[in-house]
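A.B. asks: Please find model01.txt (compact mmCIF, C-alpha atoms) on the next line:
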# COMPACT_ATOMS: atom_id res chain seq x y z
CA MET Y 1020 0.00 0.00 0.00
CA ASN Y 1021 3.01 2.23 0.35
CA ASN Y 1022 3.21 2.92 -3.31
CA LEU Y 1023 -0.50 3.38 -3.88
CA GLN Y 1024 -1.31 4.95 -7.21
CA PHE Y 1025 -4.08 7.42 -7.87
CA ILE Y 1026 -5.56 7.74 -11.32
CA ARG Y 1027 -7.85 10.49 -12.54
CA PRO Y 1028 -9.15 9.14 -15.84
CA ALA Y 1029 -10.48 11.57 -18.43
CA SER Y 1030 -13.16 9.19 -19.70
CA VAL Y 1031 -15.17 6.11 -18.77
CA GLN Y 1032 -13.03 4.20 -21.23
CA ALA Y 1033 -9.81 5.27 -19.53
CA ALA Y 1034 -11.28 4.37 -16.13
CA CYS Y 1035 -12.13 0.85 -17.32
CA GLU Y 1036 -8.68 0.48 -18.84
CA ALA Y 1037 -7.05 1.32 -15.50
CA LEU Y 1038 -9.42 -1.02 -13.64
CA LYS Y 1039 -8.26 -3.99 -15.72
CA ASN Y 1040 -5.61 -4.29 -13.04
CA PRO Y 1041 -7.39 -6.26 -10.29
CA GLY Y 1042 -5.38 -4.38 -7.66
CA PHE Y 1043 -7.20 -1.16 -8.56
CA MET Y 1044 -10.47 -0.03 -7.02
CA PRO Y 1045 -12.84 2.64 -8.29
CA VAL Y 1046 -13.88 5.46 -5.95
CA ALA Y 1047 -16.78 7.86 -6.36
CA GLY Y 1048 -18.15 9.26 -3.08
CA GLY Y 1049 -15.71 7.29 -0.96
CA SER Y 1050 -18.11 6.68 1.92
CA ASP Y 1051 -17.64 2.90 1.79
CA LEU Y 1052 -14.20 2.61 0.22
CA VAL Y 1053 -12.31 4.98 2.51
CA VAL Y 1054 -13.57 3.18 5.63
CA LYS Y 1055 -12.70 -0.20 4.14
CA ILE Y 1056 -9.19 0.89 3.20
CA ARG Y 1057 -8.69 2.22 6.68
CA ASN Y 1058 -9.94 -1.02 8.20
CA GLY Y 1059 -7.38 -2.94 6.17
CA LEU Y 1060 -9.90 -4.77 4.02
CA TYR Y 1061 -7.85 -4.22 0.87
CA PRO Y 1062 -4.36 -5.46 1.76
CA ASN Y 1063 -3.48 -5.89 -1.92
CA LEU Y 1064 -4.72 -2.51 -3.06
CA GLU Y 1065 -2.36 -1.05 -5.66
CA GLY Y 1066 -4.30 1.93 -6.87
CA ILE Y 1067 -7.45 4.01 -6.75
CA VAL Y 1068 -9.30 5.15 -9.85
CA ASP Y 1069 -11.40 8.30 -9.37
CA ILE Y 1070 -14.64 7.82 -11.27
CA GLY Y 1071 -16.44 10.56 -9.35
CA ASP Y 1072 -15.97 13.26 -11.97
CA LEU Y 1073 -16.95 11.40 -15.13
CA ALA Y 1074 -19.82 13.55 -16.38
CA PRO Y 1075 -21.93 10.87 -18.09
CA LEU Y 1076 -22.13 8.93 -14.83
CA ASN Y 1077 -23.48 11.85 -12.82
CA LEU Y 1078 -26.77 12.43 -14.60
CA ILE Y 1079 -30.37 11.30 -14.45
CA ARG Y 1080 -31.76 11.33 -17.97
CA THR Y 1081 -34.69 9.96 -19.92
CA ASP Y 1082 -34.43 8.05 -23.16
CA GLU Y 1083 -37.80 7.33 -24.80
CA ASN Y 1084 -39.63 5.11 -22.33
CA ARG Y 1085 -36.73 4.62 -19.94
CA VAL Y 1086 -34.94 6.57 -17.25
CA ILE Y 1087 -31.21 6.14 -16.86
CA ILE Y 1088 -29.78 6.93 -13.45
CA GLY Y 1089 -26.02 7.41 -13.70
CA SER Y 1090 -24.09 5.33 -11.19
CA GLY Y 1091 -22.38 8.47 -9.86
CA CYS Y 1092 -25.63 10.14 -8.81
CA THR Y 1093 -25.58 10.88 -5.11
CA MET Y 1094 -28.39 9.97 -2.76
CA ASN Y 1095 -29.35 13.63 -2.47
CA GLN Y 1096 -29.38 14.04 -6.24
CA ILE Y 1097 -31.95 11.23 -6.42
CA ILE Y 1098 -33.97 12.52 -3.46
CA ASN Y 1099 -34.21 16.02 -4.93
CA ASP Y 1100 -34.99 14.97 -8.50
CA ARG Y 1101 -38.55 15.78 -9.49
CA LEU Y 1102 -38.88 12.88 -11.92
CA MET Y 1103 -37.61 10.41 -9.32
CA GLN Y 1104 -40.11 11.77 -6.79
CA ASP Y 1105 -43.01 11.49 -9.22
CA TYR Y 1106 -42.22 8.11 -10.71
CA PHE Y 1107 -40.15 6.10 -8.24
CA PRO Y 1108 -41.07 6.96 -4.65
CA ALA Y 1109 -39.68 3.68 -3.27
CA LEU Y 1110 -36.21 4.60 -4.52
CA VAL Y 1111 -36.43 8.19 -3.27
CA LYS Y 1112 -37.51 6.99 0.16
CA ALA Y 1113 -34.73 4.39 0.26
CA ALA Y 1114 -32.08 6.95 -0.70
CA ALA Y 1115 -33.41 9.25 2.03
CA THR Y 1116 -32.67 6.65 4.72
CA VAL Y 1117 -29.03 6.14 3.78
CA GLY Y 1118 -26.63 7.48 6.43
CA ALA Y 1119 -27.34 11.12 7.23
CA LEU Y 1120 -27.27 14.34 5.21
CA GLN Y 1121 -23.48 14.51 5.01
CA ILE Y 1122 -23.21 10.92 3.73
CA ARG Y 1123 -26.08 11.42 1.27
CA ASN Y 1124 -24.15 14.28 -0.32
CA SER Y 1125 -21.25 11.90 -1.09
CA ALA Y 1126 -22.62 8.38 -1.32
CA THR Y 1127 -23.63 7.30 -4.82
CA ILE Y 1128 -26.23 4.81 -5.96
CA GLY Y 1129 -23.60 2.97 -7.99
CA GLY Y 1130 -21.45 2.60 -4.91
CA ASN Y 1131 -24.36 1.38 -2.80
CA VAL Y 1132 -25.08 -1.33 -5.38
CA ALA Y 1133 -21.46 -2.25 -6.19
CA ASN Y 1134 -20.70 -2.60 -2.50
CA ALA Y 1135 -23.30 -5.41 -2.54
CA SER Y 1136 -24.10 -5.34 1.14
CA PRO Y 1137 -27.13 -7.51 1.99
CA ALA Y 1138 -28.33 -4.43 3.92
CA GLY Y 1139 -27.76 -1.86 1.14
CA ASP Y 1140 -30.85 0.35 1.17
CA THR Y 1141 -31.24 1.32 -2.47
CA ILE Y 1142 -30.97 -2.32 -3.62
CA PRO Y 1143 -34.46 -3.56 -2.62
CA ALA Y 1144 -35.91 -0.37 -4.10
CA LEU Y 1145 -34.19 -1.08 -7.42
CA TYR Y 1146 -35.52 -4.67 -7.27
CA SER Y 1147 -39.04 -3.38 -6.70
CA LEU Y 1148 -38.72 -1.18 -9.79
CA GLU Y 1149 -37.28 -3.98 -11.96
CA ALA Y 1150 -34.12 -1.99 -12.62
CA ARG Y 1151 -31.47 -3.18 -15.01
CA VAL Y 1152 -27.81 -2.62 -14.26
CA LEU Y 1153 -25.71 -1.17 -17.06
CA ILE Y 1154 -22.22 -2.62 -16.84
CA THR Y 1155 -19.61 -1.10 -19.14
CA ASN Y 1156 -16.07 -2.08 -20.03
CA GLY Y 1157 -15.51 1.25 -21.75
CA SER Y 1158 -16.33 0.09 -25.24
CA SER Y 1159 -19.49 -1.98 -24.81
CA THR Y 1160 -22.28 -2.12 -22.26
CA ARG Y 1161 -24.17 -5.12 -21.00
CA LYS Y 1162 -27.55 -4.89 -19.34
CA VAL Y 1163 -28.35 -7.20 -16.43
CA PRO Y 1164 -31.58 -7.44 -14.44
CA ILE Y 1165 -30.80 -6.32 -10.90
CA ASP Y 1166 -31.89 -9.64 -9.42
CA GLU Y 1167 -29.18 -11.42 -11.40
CA PHE Y 1168 -26.44 -8.93 -10.50
CA PHE Y 1169 -25.54 -10.09 -6.99
CA LEU Y 1170 -23.74 -13.36 -6.37
CA SER Y 1171 -23.18 -13.20 -2.60
CA PRO Y 1172 -22.44 -10.51 -0.01
CA GLY Y 1173 -19.84 -8.19 -1.56
CA LYS Y 1174 -19.77 -10.19 -4.81
CA THR Y 1175 -21.35 -9.09 -8.07
CA LEU Y 1176 -21.07 -9.78 -11.78
CA ILE Y 1177 -18.60 -6.89 -12.17
CA GLN Y 1178 -15.33 -8.09 -13.69
CA ALA Y 1179 -11.94 -6.41 -13.67
CA GLY Y 1180 -12.06 -3.60 -16.22
CA GLU Y 1181 -15.77 -2.96 -15.75
CA ILE Y 1182 -17.79 -0.39 -13.84
CA ILE Y 1183 -21.47 0.23 -13.31
CA GLU Y 1184 -22.49 2.90 -15.77
CA GLY Y 1185 -25.97 3.30 -14.39
CA PHE Y 1186 -29.41 1.80 -13.97
CA THR Y 1187 -32.33 1.82 -16.35
CA LEU Y 1188 -35.92 1.89 -15.14
CA LEU Y 1189 -39.02 1.81 -17.26
CA LEU Y 1190 -40.59 5.26 -17.27
CA ARG Y 1191 -43.87 4.41 -15.58
CA LYS Y 1192 -45.54 6.01 -12.61
CA THR Y 1193 -45.37 3.83 -9.54
CA ARG Y 1194 -46.55 4.15 -6.02
CA GLY Y 1195 -44.13 2.86 -3.47
CA GLU Y 1196 -42.80 2.63 0.02
CA PHE Y 1197 -39.47 1.87 1.61
CA LEU Y 1198 -39.14 0.98 5.27
CA LYS Y 1199 -36.22 -0.07 7.33
CA LEU Y 1200 -35.61 -1.05 10.92
CA GLY Y 1201 -32.42 0.00 12.62
CA GLU Y 1202 -31.15 1.18 15.99
CA ARG Y 1203 -31.93 4.79 15.21
CA ARG Y 1204 -33.25 6.88 12.35
CA ALA Y 1205 -29.95 8.26 11.11
CA HIS Y 1206 -26.93 6.15 10.23
CA ALA Y 1207 -28.66 2.86 10.84
CA ILE Y 1208 -27.51 -0.22 8.98
CA SER Y 1209 -30.75 -2.06 8.38
CA LYS Y 1210 -31.68 -5.04 10.53
CA ILE Y 1211 -34.18 -5.57 7.77
CA ASN Y 1212 -35.43 -3.32 4.99
CA MET Y 1213 -38.23 -3.60 2.48
CA ALA Y 1214 -39.20 -1.83 -0.72
CA VAL Y 1215 -42.64 -2.13 -2.26
CA SER Y 1216 -43.60 -0.67 -5.63
CA THR Y 1217 -46.89 -1.01 -7.43
CA TRP Y 1218 -48.23 0.22 -10.76
CA ASN Y 1219 -51.21 -0.29 -12.97
CA ASP Y 1220 -51.01 -0.81 -16.73
CA GLY Y 1221 -54.50 -2.19 -17.09
CA ARG Y 1222 -53.92 -4.56 -14.24
CA ASN Y 1223 -52.20 -4.18 -10.89
CA HIS Y 1224 -48.56 -5.10 -10.45
CA TRP Y 1225 -46.88 -5.48 -7.06
CA ARG Y 1226 -43.15 -5.87 -6.46
CA ILE Y 1227 -41.84 -6.52 -2.98
CA ALA Y 1228 -38.16 -6.91 -2.08
CA MET Y 1229 -36.47 -7.36 1.28
CA GLY Y 1230 -32.88 -6.84 2.36
CA SER Y 1231 -30.86 -8.20 5.29
CA VAL Y 1232 -32.90 -11.41 5.36
CA ALA Y 1233 -30.65 -13.50 3.09
CA PRO Y 1234 -27.17 -13.25 1.49
CA THR Y 1235 -28.70 -11.14 -1.26
CA VAL Y 1236 -31.98 -9.25 -1.54
CA LEU Y 1237 -35.10 -11.45 -1.84
CA ARG Y 1238 -38.24 -10.84 -3.86
CA CYS Y 1239 -41.47 -11.93 -2.12
CA ARG Y 1240 -42.97 -13.42 -5.27
CA GLU Y 1241 -45.70 -15.35 -3.47
CA ALA Y 1242 -46.96 -12.20 -1.76
CA GLU Y 1243 -46.69 -10.22 -5.02
CA GLU Y 1244 -48.79 -12.71 -6.95
CA PHE Y 1245 -51.30 -12.95 -4.15
CA LEU Y 1246 -51.76 -9.16 -3.98
CA GLU Y 1247 -52.09 -9.02 -7.77
CA SER Y 1248 -54.87 -11.61 -7.59
CA CYS Y 1249 -56.87 -9.65 -5.01
CA ALA Y 1250 -59.81 -7.66 -6.38
CA GLN Y 1251 -59.78 -5.63 -3.17
CA ILE Y 1252 -56.81 -5.41 -0.83
CA ASP Y 1253 -58.34 -5.44 2.65
CA GLU Y 1254 -56.88 -6.13 6.05
CA ALA Y 1255 -57.27 -9.89 5.70
CA ALA Y 1256 -55.42 -9.83 2.40
CA ILE Y 1257 -52.60 -7.76 3.87
CA ASN Y 1258 -52.29 -10.17 6.79
CA LYS Y 1259 -52.09 -13.09 4.41
CA ALA Y 1260 -49.41 -11.36 2.31
CA ALA Y 1261 -47.49 -10.62 5.53
CA GLU Y 1262 -47.46 -14.34 6.39
CA MET Y 1263 -46.04 -15.01 2.94
CA ALA Y 1264 -43.27 -12.45 3.47
CA ILE Y 1265 -42.41 -14.11 6.79
CA ASN Y 1266 -42.13 -17.46 5.02
CA THR Y 1267 -39.97 -16.00 2.26
CA ALA Y 1268 -37.45 -14.39 4.63
CA LYS Y 1269 -34.41 -16.57 5.36
CA PRO Y 1270 -32.48 -14.43 7.82
CA ILE Y 1271 -29.52 -15.26 10.02
CA SER Y 1272 -28.74 -14.00 13.50
CA ASP Y 1273 -25.81 -11.59 13.59
CA LEU Y 1274 -24.59 -8.58 15.52
CA ARG Y 1275 -27.45 -6.39 14.32
CA SER Y 1276 -30.42 -8.65 15.00
CA THR Y 1277 -31.72 -12.19 15.41
CA SER Y 1278 -33.23 -14.46 12.82
CA ALA Y 1279 -36.54 -14.75 14.68
CA TYR Y 1280 -36.94 -10.98 15.01
CA ARG Y 1281 -36.10 -10.35 11.38
CA LYS Y 1282 -38.63 -12.94 10.24
CA ARG Y 1283 -41.40 -11.39 12.31
CA MET Y 1284 -40.48 -7.93 11.13
CA ALA Y 1285 -40.71 -9.02 7.48
CA GLY Y 1286 -44.44 -9.38 8.15
CA VAL Y 1287 -44.67 -6.09 10.02
CA LEU Y 1288 -42.88 -4.12 7.28
CA LEU Y 1289 -45.06 -5.68 4.60
CA LYS Y 1290 -48.22 -4.70 6.48
CA ARG Y 1291 -46.98 -1.16 7.04
CA SER Y 1292 -45.83 -0.59 3.48
CA VAL Y 1293 -48.85 -2.03 1.70
CA THR Y 1294 -51.17 -0.18 4.08
CA ALA Y 1295 -49.34 3.09 3.42
CA ILE Y 1296 -49.51 2.60 -0.34
CA ILE Y 1297 -53.22 1.76 -0.62
CA LYS Y 1298 -54.29 4.45 1.85
CA MET C 8 7.25 6.54 2.32
CA SER C 9 7.48 6.22 -1.41
CA ASN C 10 3.84 7.18 -1.74
CA ASN C 11 2.93 8.97 -4.93
CA LEU C 12 2.03 12.56 -4.30
CA ILE C 13 -0.80 14.04 -6.29
CA LYS C 14 -1.01 17.74 -7.05
CA ILE C 15 -4.48 19.16 -6.47
CA SER C 16 -5.95 22.61 -6.73
CA PHE C 17 -9.32 23.83 -5.51
CA SER C 18 -10.86 26.74 -3.65
CA LEU C 19 -10.44 26.67 0.13
CA ASN C 20 -12.38 29.17 2.24
CA GLY C 21 -12.65 31.44 -0.77
CA ASN C 22 -9.00 31.29 -1.87
CA LYS C 23 -7.50 29.33 -4.73
CA VAL C 24 -5.03 26.86 -3.25
CA GLU C 25 -2.70 24.12 -4.42
CA THR C 26 -1.23 21.30 -2.43
CA GLU C 27 0.12 17.77 -2.72
CA VAL C 28 -1.54 14.77 -1.15
CA SER C 29 -0.97 11.04 -0.99
CA PRO C 30 -3.71 8.88 -2.56
CA GLN C 31 -5.35 7.79 0.67
CA LEU C 32 -5.19 11.15 2.49
CA THR C 33 -8.68 12.33 3.40
CA VAL C 34 -9.91 15.90 3.06
CA LEU C 35 -10.00 16.07 6.86
CA GLU C 36 -6.35 15.02 7.18
CA MET C 37 -5.40 17.44 4.42
CA LEU C 38 -7.15 20.36 6.15
CA ARG C 39 -5.44 19.62 9.44
CA ARG C 40 -1.96 18.72 8.16
CA ASN C 41 -1.43 20.66 4.95
CA PHE C 42 -3.35 23.79 5.93
CA ARG C 43 -3.31 23.65 9.75
CA LEU C 44 -7.05 24.24 9.81
CA THR C 45 -8.03 22.27 12.87
CA ALA C 46 -11.69 23.17 13.46
CA ALA C 47 -12.96 20.02 11.74
CA LYS C 48 -12.21 17.04 13.98
CA GLU C 49 -11.91 13.33 13.59
CA GLY C 50 -14.37 11.64 15.92
CA CYS C 51 -15.24 8.26 14.47
CA GLY C 52 -13.35 8.29 11.17
CA LYS C 53 -16.21 6.52 9.42
CA GLY C 54 -18.79 9.15 8.70
CA GLU C 55 -21.09 8.65 11.65
CA CYS C 56 -20.29 11.44 14.11
CA GLY C 57 -20.20 14.47 11.83
CA ALA C 58 -17.39 16.19 13.77
CA CYS C 59 -15.48 16.47 10.49
CA SER C 60 -18.33 18.19 8.60
CA VAL C 61 -17.25 20.75 6.01
CA MET C 62 -19.03 22.33 3.07
CA LEU C 63 -18.19 21.11 -0.38
CA ASN C 64 -19.91 23.20 -3.06
CA ASP C 65 -22.37 24.46 -0.43
CA GLN C 66 -23.33 20.99 0.79
CA PRO C 67 -22.16 19.47 4.08
CA ILE C 68 -20.07 16.32 3.73
CA ASN C 69 -18.02 14.14 6.06
CA SER C 70 -14.47 15.24 5.29
CA CYS C 71 -13.12 12.01 6.83
CA LEU C 72 -14.69 10.03 3.98
CA LYS C 73 -13.58 12.05 1.01
CA LEU C 74 -10.18 11.48 -0.52
CA ALA C 75 -8.36 14.78 -0.96
CA ALA C 76 -7.03 13.60 -4.30
CA THR C 77 -10.60 13.59 -5.63
CA LEU C 78 -10.91 17.38 -5.17
CA LYS C 79 -11.31 19.16 -8.51
CA PRO C 80 -10.22 22.67 -9.59
CA GLY C 81 -13.86 23.82 -9.59
CA ASP C 82 -14.56 22.54 -6.06
CA ARG C 83 -15.29 25.03 -3.30
CA LEU C 84 -14.36 23.69 0.13
CA VAL C 85 -15.28 25.68 3.23
CA SER C 86 -14.32 24.72 6.77
CA VAL C 87 -15.66 26.45 9.88
CA GLU C 88 -12.70 28.86 9.69
CA GLY C 89 -14.03 30.05 6.34
CA PHE C 90 -17.17 31.30 8.07
CA ASN C 91 -15.31 33.49 10.57
CA GLU C 92 -16.76 36.67 9.12
CA ASP C 93 -20.13 35.24 8.18
CA PRO C 94 -22.99 36.93 10.09
CA LEU C 95 -25.16 33.79 10.14
CA MET C 96 -22.33 31.64 11.50
CA LYS C 97 -21.44 34.32 14.08
CA ASN C 98 -25.04 34.37 15.16
CA ILE C 99 -25.11 30.58 15.47
CA GLN C 100 -21.88 30.51 17.47
CA GLU C 101 -23.15 33.18 19.86
CA ALA C 102 -26.42 31.32 20.36
CA TYR C 103 -24.49 28.12 21.15
CA VAL C 104 -22.48 29.98 23.80
CA GLU C 105 -25.51 31.69 25.31
CA GLU C 106 -27.52 28.46 25.52
CA GLY C 107 -24.61 26.58 27.11
CA ALA C 108 -24.70 24.16 24.19
CA VAL C 109 -20.93 23.65 24.24
CA GLN C 110 -19.64 21.15 26.74
CA CYS C 111 -16.41 19.39 25.71
CA GLY C 112 -16.63 21.19 22.37
CA PHE C 113 -15.39 18.39 20.14
CA CYS C 114 -18.62 18.05 18.15
CA ILE C 115 -19.29 21.78 17.92
CA PRO C 116 -17.53 22.65 14.65
CA GLY C 117 -19.60 19.94 12.96
CA MET C 118 -22.78 20.90 14.81
CA THR C 119 -22.43 24.55 13.80
CA MET C 120 -21.80 23.51 10.18
CA ALA C 121 -24.98 21.42 10.16
CA SER C 122 -26.88 24.27 11.85
CA TYR C 123 -25.55 26.74 9.28
CA HIS C 124 -26.71 24.58 6.39
CA LEU C 125 -30.14 24.22 7.97
CA LEU C 126 -30.64 27.93 8.61
CA LYS C 127 -29.38 28.85 5.13
CA HIS C 128 -32.19 26.78 3.63
CA ASN C 129 -34.87 27.00 6.29
CA ALA C 130 -35.04 30.27 8.20
CA LYS C 131 -37.78 29.04 10.52
CA PRO C 132 -37.15 25.37 11.28
CA ASP C 133 -39.46 23.49 13.64
CA GLU C 134 -38.16 21.03 16.21
CA HIS C 135 -38.37 18.12 13.80
CA ALA C 136 -36.43 19.97 11.12
CA ILE C 137 -33.71 20.86 13.64
CA LYS C 138 -33.38 17.27 14.83
CA GLN C 139 -33.34 16.03 11.26
CA ALA C 140 -30.66 18.52 10.25
CA LEU C 141 -28.44 17.53 13.19
CA SER C 142 -29.03 13.78 12.87
CA GLY C 143 -25.67 13.27 11.19
CA ASN C 144 -23.86 14.81 14.14
CA ILE C 145 -23.22 13.06 17.43
CA CYS C 146 -22.58 14.79 20.77
CA ARG C 147 -21.22 12.42 23.41
CA CYS C 148 -21.74 14.85 26.27
CA THR C 149 -25.45 14.23 25.52
CA GLY C 150 -26.19 17.92 25.22
CA TYR C 151 -28.72 17.77 22.40
CA ARG C 152 -31.47 19.77 24.11
CA LYS C 153 -29.26 22.81 24.50
CA ILE C 154 -27.88 22.48 21.01
CA GLU C 155 -31.40 22.38 19.62
CA ALA C 156 -32.33 25.39 21.74
CA ALA C 157 -29.30 27.24 20.35
CA VAL C 158 -30.32 26.56 16.76
CA LYS C 159 -33.84 27.76 17.53
CA LYS C 160 -32.49 30.91 19.13
CA ALA C 161 -30.16 31.59 16.19
CA ALA C 162 -33.09 31.17 13.82
CA GLU C 163 -35.26 33.62 15.75
CA ARG C 164 -32.48 36.16 15.98
CA THR C 165 -31.56 35.89 12.30
CA LYS C 166 -35.16 36.56 11.40
CA ALA C 167 -35.39 39.51 13.77
CA ASN C 168 -32.27 41.07 12.23
CA GLU C 169 -33.61 40.90 8.71
Once you've parsed the file, please lay out its structure as structure tokens.
C.D. replies:
Amino acid sequence: MNNLQFIRPASVQAACEALKNPGFMPVAGGSDLVVKIRNGLYPNLEGIVDIGDLAPLNLIRTDENRVIIGSGCTMNQIINDRLMQDYFPALVKAAATVGALQIRNSATIGGNVANASPAGDTIPALYSLEARVLITNGSSTRKVPIDEFFLSPGKTLIQAGEIIEGFTLLLRKTRGEFLKLGERRAHAISKINMAVSTWNDGRNHWRIAMGSVAPTVLRCREAEEFLESCAQIDEAAINKAAEMAINTAKPISDLRSTSAYRKRMAGVLLKRSVTAIIK
Amino acid sequence: MSNNLIKISFSLNGNKVETEVSPQLTVLEMLRRNFRLTAAKEGCGKGECGACSVMLNDQPINSCLKLAATLKPGDRLVSVEGFNEDPLMKNIQEAYVEEGAVQCGFCIPGMTMASYHLLKHNAKPDEHAIKQALSGNICRCTGYRKIEAAVKKAAERTKANE
């Protein structure tokens, strides 16, 4: 680490070129990476590649029927974006629970996803909105559904020489909720979190995703299908969907919470979010 | 010791500056070592306590989490020292003193930064807004009530002076 290099690439292509060396890590906001370096988690780190100032990564833009959120967009950029607020409330609410104001000015959505923590807050929201991850190697881009992107905690499909360019979401109005349980409101790492998004394109669609209850985020497909089949979502239906979420959750006990508590809370969060959405 | 040094330039407290930093040096370490600006403090070193809060392009950030080498020529960095002559910051600091909000003092540079950002954007914050604005800052003397009272007082006084 004594001879650490620092590279400020002029383009996405140059950044990917530098990142072909597996000893190099990209940095954008730094809120995860700097702590990890300090904690000695990268003993073989040879260099840092600054991708925080690559203009195309720092924008939210629309392209026909899609929205592309650049990986370098900060949490506050997403929270304050009018289009995000109108179309993707689950994502806006998730971004608003990350860290505290100071962190949200630095932390990027690409970093939150690439870090691949089972507790990452924007991840269930992106699942609930059926996001696709744009992975670029500088010359070509591949598009991967978010639920295929994570392999295990900290592990993703990203290869050496690739970065997340952004996320595409279909431009459709959704209603949504994001809830998390932690020790306090600010700076909490979720014991469990849940994102719910719903939209109607002639029929009702529900997408429910939970974090911190398995090595990677889980979709509650049984509960989704059940809610979609309900002509009227009443209290009994919500209770039934909550039972399904409890059965879907496969949590472990760790320093933040116990398996039993997390399972119960999967039901509680489902009830609260669906109730809030249909109100 | 053979660390590569990176030349950076940016605006610090209103002045164009240049310095050299090693790749893993944080903005906080740079402020304290390269510029001897010691108002921003390292409490936790992982972005939870807010004692290192500074303004980057008018937004508060944790300076312990940002690598100095990522500062760009267009970036405007302001530490508490940069607000020495600022009437709003003076008002906040006086209110903190009058309300007895300062105990050990370690969190105060960060607290006043967060208060400043709040009052810049919300001249009449309610209790919830004050708590929300300070939620990224930890005081371990547990003096939150007085800090909140100080922010309220500063808000009232700023309004009265307008």
A.B. asks: For chain Y, which residues have at least one atom within 10 Å of chain C, if we go by all atoms listed in the file? Write them as a PyMOL selection string, please.
C.D. replies: chain Y and resi 1020-1027+1046-1058+1066-1072+1118-1126+1203-1207
A.B. asks: So which residues touch Asp1140 of chain Y within 12 Å, counting all atoms listed in the file, skipping near sequence neighbours fewer than 3 positions away, as an NGL selection string?
C.D. replies: :Y and (1094 or 1109-1118 or 1126-1132 or 1134-1137 or 1143-1147 or 1197-1201 or 1206-1214 or 1228-1231 or 1235-1236)
A.B. asks: For the selection just defined, write its residues with C-alpha atoms to a file, as a tab-separated table (two decimals), keeping the file's coordinate frame.
C.D. replies:
chain	number	residue	atom	x	y	z
Y	1094	MET	CA	-28.39	9.97	-2.76
Y	1109	ALA	CA	-39.68	3.68	-3.27
Y	1110	LEU	CA	-36.21	4.60	-4.52
Y	1111	VAL	CA	-36.43	8.19	-3.27
Y	1112	LYS	CA	-37.51	6.99	0.16
Y	1113	ALA	CA	-34.73	4.39	0.26
Y	1114	ALA	CA	-32.08	6.95	-0.70
Y	1115	ALA	CA	-33.41	9.25	2.03
Y	1116	THR	CA	-32.67	6.65	4.72
Y	1117	VAL	CA	-29.03	6.14	3.78
Y	1118	GLY	CA	-26.63	7.48	6.43
Y	1126	ALA	CA	-22.62	8.38	-1.32
Y	1127	THR	CA	-23.63	7.30	-4.82
Y	1128	ILE	CA	-26.23	4.81	-5.96
Y	1129	GLY	CA	-23.60	2.97	-7.99
Y	1130	GLY	CA	-21.45	2.60	-4.91
Y	1131	ASN	CA	-24.36	1.38	-2.80
Y	1132	VAL	CA	-25.08	-1.33	-5.38
Y	1134	ASN	CA	-20.70	-2.60	-2.50
Y	1135	ALA	CA	-23.30	-5.41	-2.54
Y	1136	SER	CA	-24.10	-5.34	1.14
Y	1137	PRO	CA	-27.13	-7.51	1.99
Y	1143	PRO	CA	-34.46	-3.56	-2.62
Y	1144	ALA	CA	-35.91	-0.37	-4.10
Y	1145	LEU	CA	-34.19	-1.08	-7.42
Y	1146	TYR	CA	-35.52	-4.67	-7.27
Y	1147	SER	CA	-39.04	-3.38	-6.70
Y	1197	PHE	CA	-39.47	1.87	1.61
Y	1198	LEU	CA	-39.14	0.98	5.27
Y	1199	LYS	CA	-36.22	-0.07	7.33
Y	1200	LEU	CA	-35.61	-1.05	10.92
Y	1201	GLY	CA	-32.42	0.00	12.62
Y	1206	HIS	CA	-26.93	6.15	10.23
Y	1207	ALA	CA	-28.66	2.86	10.84
Y	1208	ILE	CA	-27.51	-0.22	8.98
Y	1209	SER	CA	-30.75	-2.06	8.38
Y	1210	LYS	CA	-31.68	-5.04	10.53
Y	1211	ILE	CA	-34.18	-5.57	7.77
Y	1212	ASN	CA	-35.43	-3.32	4.99
Y	1213	MET	CA	-38.23	-3.60	2.48
Y	1214	ALA	CA	-39.20	-1.83	-0.72
Y	1228	ALA	CA	-38.16	-6.91	-2.08
Y	1229	MET	CA	-36.47	-7.36	1.28
Y	1230	GLY	CA	-32.88	-6.84	2.36
Y	1231	SER	CA	-30.86	-8.20	5.29
Y	1235	THR	CA	-28.70	-11.14	-1.26
Y	1236	VAL	CA	-31.98	-9.25	-1.54
A.B. asks: Please indicate the distance in Å from atom CA of Asn1156 of chain Y to atom CA of Leu1188 of chain Y, rounded to one decimal place.
C.D. replies: 20.8 Å
A.B. asks: What's the 9 Å shell around Glu155 of chain C, counting only C-alpha atoms, without same-chain residues fewer than 5 positions away, as a ChimeraX atom specification?
C.D. replies: /C:108,134,137-138,141,150,160
A.B. asks: Take the residues from that selection and put them in a file with C-alpha atoms, as a compact mmCIF listing (two decimals), in the coordinates of the input.
C.D. replies:
# COMPACT_ATOMS: atom_id res chain seq x y z
CA ALA C 108 -24.70 24.16 24.19
CA GLU C 134 -38.16 21.03 16.21
CA ILE C 137 -33.71 20.86 13.64
CA LYS C 138 -33.38 17.27 14.83
CA LEU C 141 -28.44 17.53 13.19
CA GLY C 150 -26.19 17.92 25.22
CA LYS C 160 -32.49 30.91 19.13
A.B. asks: Could you pull the residues within 10 Å of Phe42 of chain C, counting only C-alpha atoms, minus those fewer than 5 positions along the same chain, as a VMD selection string?
C.D. replies: chain C and resid 19 24 26 36 to 37
A.B. asks: Can you spit out the residues from that selection as a PDB file, in the frame of the given file, using C-alpha atoms?
C.D. replies:
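Result file follows (result00.pdb):
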ATOM      1  CA  LEU C  19     -10.440  26.670   0.130  1.00  0.00           C
ATOM      2  CA  VAL C  24      -5.030  26.860  -3.250  1.00  0.00           C
ATOM      3  CA  THR C  26      -1.230  21.300  -2.430  1.00  0.00           C
ATOM      4  CA  GLU C  36      -6.350  15.020   7.180  1.00  0.00           C
ATOM      5  CA  MET C  37      -5.400  17.440   4.420  1.00  0.00           C
TER       6      MET C  37
END
